[in-house]
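Student: Encoded as structure tokens, here's the structure I'll be asking about.
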Amino acid sequence: MSSQLKLNKKDLASVNHKMKKLEKLDRDGLNRSLKDFALLTSREMTRVAPVDTGKLMGLITAKAVRKTAIVESKADYSGYVEFGGGKSRSKDRARKIPYFYPTINRMLTALIMDINNKIKKALR
């Protein structure tokens with residue numbers, strides 16, 4: 001049993017046009033979205049990070065390379081702030097102040113919505 005699909009020229013041209021839009025989105029739009037994600041996420045982390053000396057805020061960095069966004073905190077003690085533990089002068093050594101992962105999760109939701117909107121716009 002064989003199947004056939006027939007498209008008129010107008011429909012085929014429309015499909016090809018939308019495919020080209022998606023290719024352009026893949027090439028340009030997604031890279032822009034990742035770059036925005038990295039920058040906005042690092043700004044938000046800097047805003048919500050606990051401040052003692054300001055060193056932690058200054059060591060939050062972001063960059064987007066090809067189809068990868070990198071947001072990191074280069075302070076040696078970042079994990080202790082996020083998850084608690086370690087040596088501390090305070091009586092509450094297990095004190096946690098999550099600033100990294102909650103921000104990443106919140107901003108990932110925004111990134112996914114942005115990409116979905118760009119795809120919908122490209123397919124109109």
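Note on naming: chains are A, B, ... as they come in the structure tokens, residues start from 1 per chain, ligands start from 1 in the order shown.
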For segment 15-79 of chain A versus segment 103-119 of chain A, which residues have an atom no more than 8 Å away, and what is each residue's nearest atom pair and distance in Å rounded to one decimal, using only C-alpha atoms, chain-then-number order, as JSON lines?

Tutor:
```
{"residue": "A:Leu22", "atom": "CA", "partner": "A:Ile119", "partner_atom": "CA", "distance": 7.2}
{"residue": "A:Leu25", "atom": "CA", "partner": "A:Lys118", "partner_atom": "CA", "distance": 7.6}
{"residue": "A:Gly29", "atom": "CA", "partner": "A:Lys118", "partner_atom": "CA", "distance": 7.6}
{"residue": "A:Leu30", "atom": "CA", "partner": "A:Ile115", "partner_atom": "CA", "distance": 7.0}
{"residue": "A:Ser33", "atom": "CA", "partner": "A:Leu111", "partner_atom": "CA", "distance": 7.0}
{"residue": "A:Leu34", "atom": "CA", "partner": "A:Leu111", "partner_atom": "CA", "distance": 7.6}
{"residue": "A:Phe37", "atom": "CA", "partner": "A:Leu111", "partner_atom": "CA", "distance": 6.3}
{"residue": "A:Leu40", "atom": "CA", "partner": "A:Met107", "partner_atom": "CA", "distance": 8.0}
{"residue": "A:Thr41", "atom": "CA", "partner": "A:Met107", "partner_atom": "CA", "distance": 6.2}
{"residue": "A:Glu44", "atom": "CA", "partner": "A:Thr103", "partner_atom": "CA", "distance": 7.0}
{"residue": "A:Met45", "atom": "CA", "partner": "A:Thr103", "partner_atom": "CA", "distance": 6.3}
```

Student: Please identify which residues in chain A DSSP calls alpha helix (DSSP H) from the backbone, and express them as a ChimeraX atom specification.

Tutor: /A:9-24,30-48,55-58,78-83,101-122

Student: Restricted to C-alpha atoms, what would the selected residues look like written as a short mmCIF file (atom, residue, chain, number, x, y, z; two decimals), in the first residue's frame?

Tutor:
```
data_model
loop_
_atom_site.label_atom_id
_atom_site.label_comp_id
_atom_site.auth_asym_id
_atom_site.auth_seq_id
_atom_site.Cartn_x
_atom_site.Cartn_y
_atom_site.Cartn_z
CA LYS A 9 2.37 25.24 -5.27
CA LYS A 10 0.98 27.91 -2.95
CA ASP A 11 0.89 25.53 0.04
CA LEU A 12 4.37 24.23 -0.75
CA ALA A 13 5.70 27.78 -0.96
CA SER A 14 4.07 28.56 2.40
CA VAL A 15 5.65 25.50 4.05
CA ASN A 16 9.06 26.36 2.59
CA HIS A 17 8.74 29.94 3.79
CA LYS A 18 7.93 28.81 7.34
CA MET A 19 10.82 26.35 7.30
CA LYS A 20 13.19 29.16 6.32
CA LYS A 21 11.83 31.27 9.19
CA LEU A 22 12.46 28.40 11.61
CA GLU A 23 16.00 27.97 10.28
CA LYS A 24 16.64 31.69 10.81
CA LEU A 30 17.82 31.12 19.87
CA ASN A 31 21.33 32.49 20.31
CA ARG A 32 19.83 35.88 21.20
CA SER A 33 17.43 34.25 23.66
CA LEU A 34 20.28 32.37 25.37
CA LYS A 35 22.40 35.49 25.56
CA ASP A 36 19.50 37.41 27.12
CA PHE A 37 18.85 34.52 29.51
CA ALA A 38 22.46 34.48 30.72
CA LEU A 39 22.62 38.25 31.18
CA LEU A 40 19.24 38.61 32.89
CA THR A 41 19.87 35.60 35.13
CA SER A 42 23.22 36.94 36.32
CA ARG A 43 21.64 40.35 37.00
CA GLU A 44 18.82 38.76 38.99
CA MET A 45 21.29 36.59 40.94
CA THR A 46 23.35 39.64 41.77
CA ARG A 47 20.19 41.36 42.98
CA VAL A 48 19.08 38.53 45.27
CA LYS A 55 32.50 39.68 46.80
CA LEU A 56 29.84 37.06 46.00
CA MET A 57 27.87 39.53 43.89
CA GLY A 58 30.99 40.54 42.00
CA SER A 78 29.12 29.90 46.84
CA GLY A 79 28.06 26.37 47.71
CA TYR A 80 28.12 27.12 51.43
CA VAL A 81 25.85 30.10 50.93
CA GLU A 82 23.46 28.16 48.68
CA PHE A 83 23.33 24.89 50.63
CA TYR A 101 19.21 27.57 41.76
CA PRO A 102 15.91 29.32 42.52
CA THR A 103 16.94 32.12 40.15
CA ILE A 104 18.03 29.65 37.44
CA ASN A 105 14.70 27.81 37.69
CA ARG A 106 12.67 31.02 37.54
CA MET A 107 14.61 32.35 34.56
CA LEU A 108 14.47 28.99 32.72
CA THR A 109 10.71 29.23 32.77
CA ALA A 110 10.96 32.69 31.19
CA LEU A 111 13.44 31.37 28.58
CA ILE A 112 11.14 28.53 27.57
CA MET A 113 8.22 30.94 27.22
CA ASP A 114 10.37 33.28 25.11
CA ILE A 115 11.45 30.47 22.77
CA ASN A 116 7.87 29.18 22.45
CA ASN A 117 6.67 32.67 21.57
CA LYS A 118 9.40 33.04 18.94
CA ILE A 119 8.45 29.71 17.38
CA LYS A 120 4.77 30.65 17.29
CA LYS A 121 5.62 34.01 15.73
CA ALA A 122 7.85 32.37 13.11
#
```

Student: Check chain A with DSSP on the backbone and list each residue it calls strand (DSSP E or B), as a list in words.

Tutor: Ile60, Thr61, Ala62, Lys63, Ala64, Val65, Thr68, Ala69, Ile70, Val71, Glu72 and Ser73 of chain A

Student: Could you check how far atom CA of Phe100 of chain A sits from atom CA of Ile60 of chain A, in Å to one decimal?

Tutor: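 Atom CA of Phe100 of chain A sits 9.5 Å away from atom CA of Ile60 of chain A.
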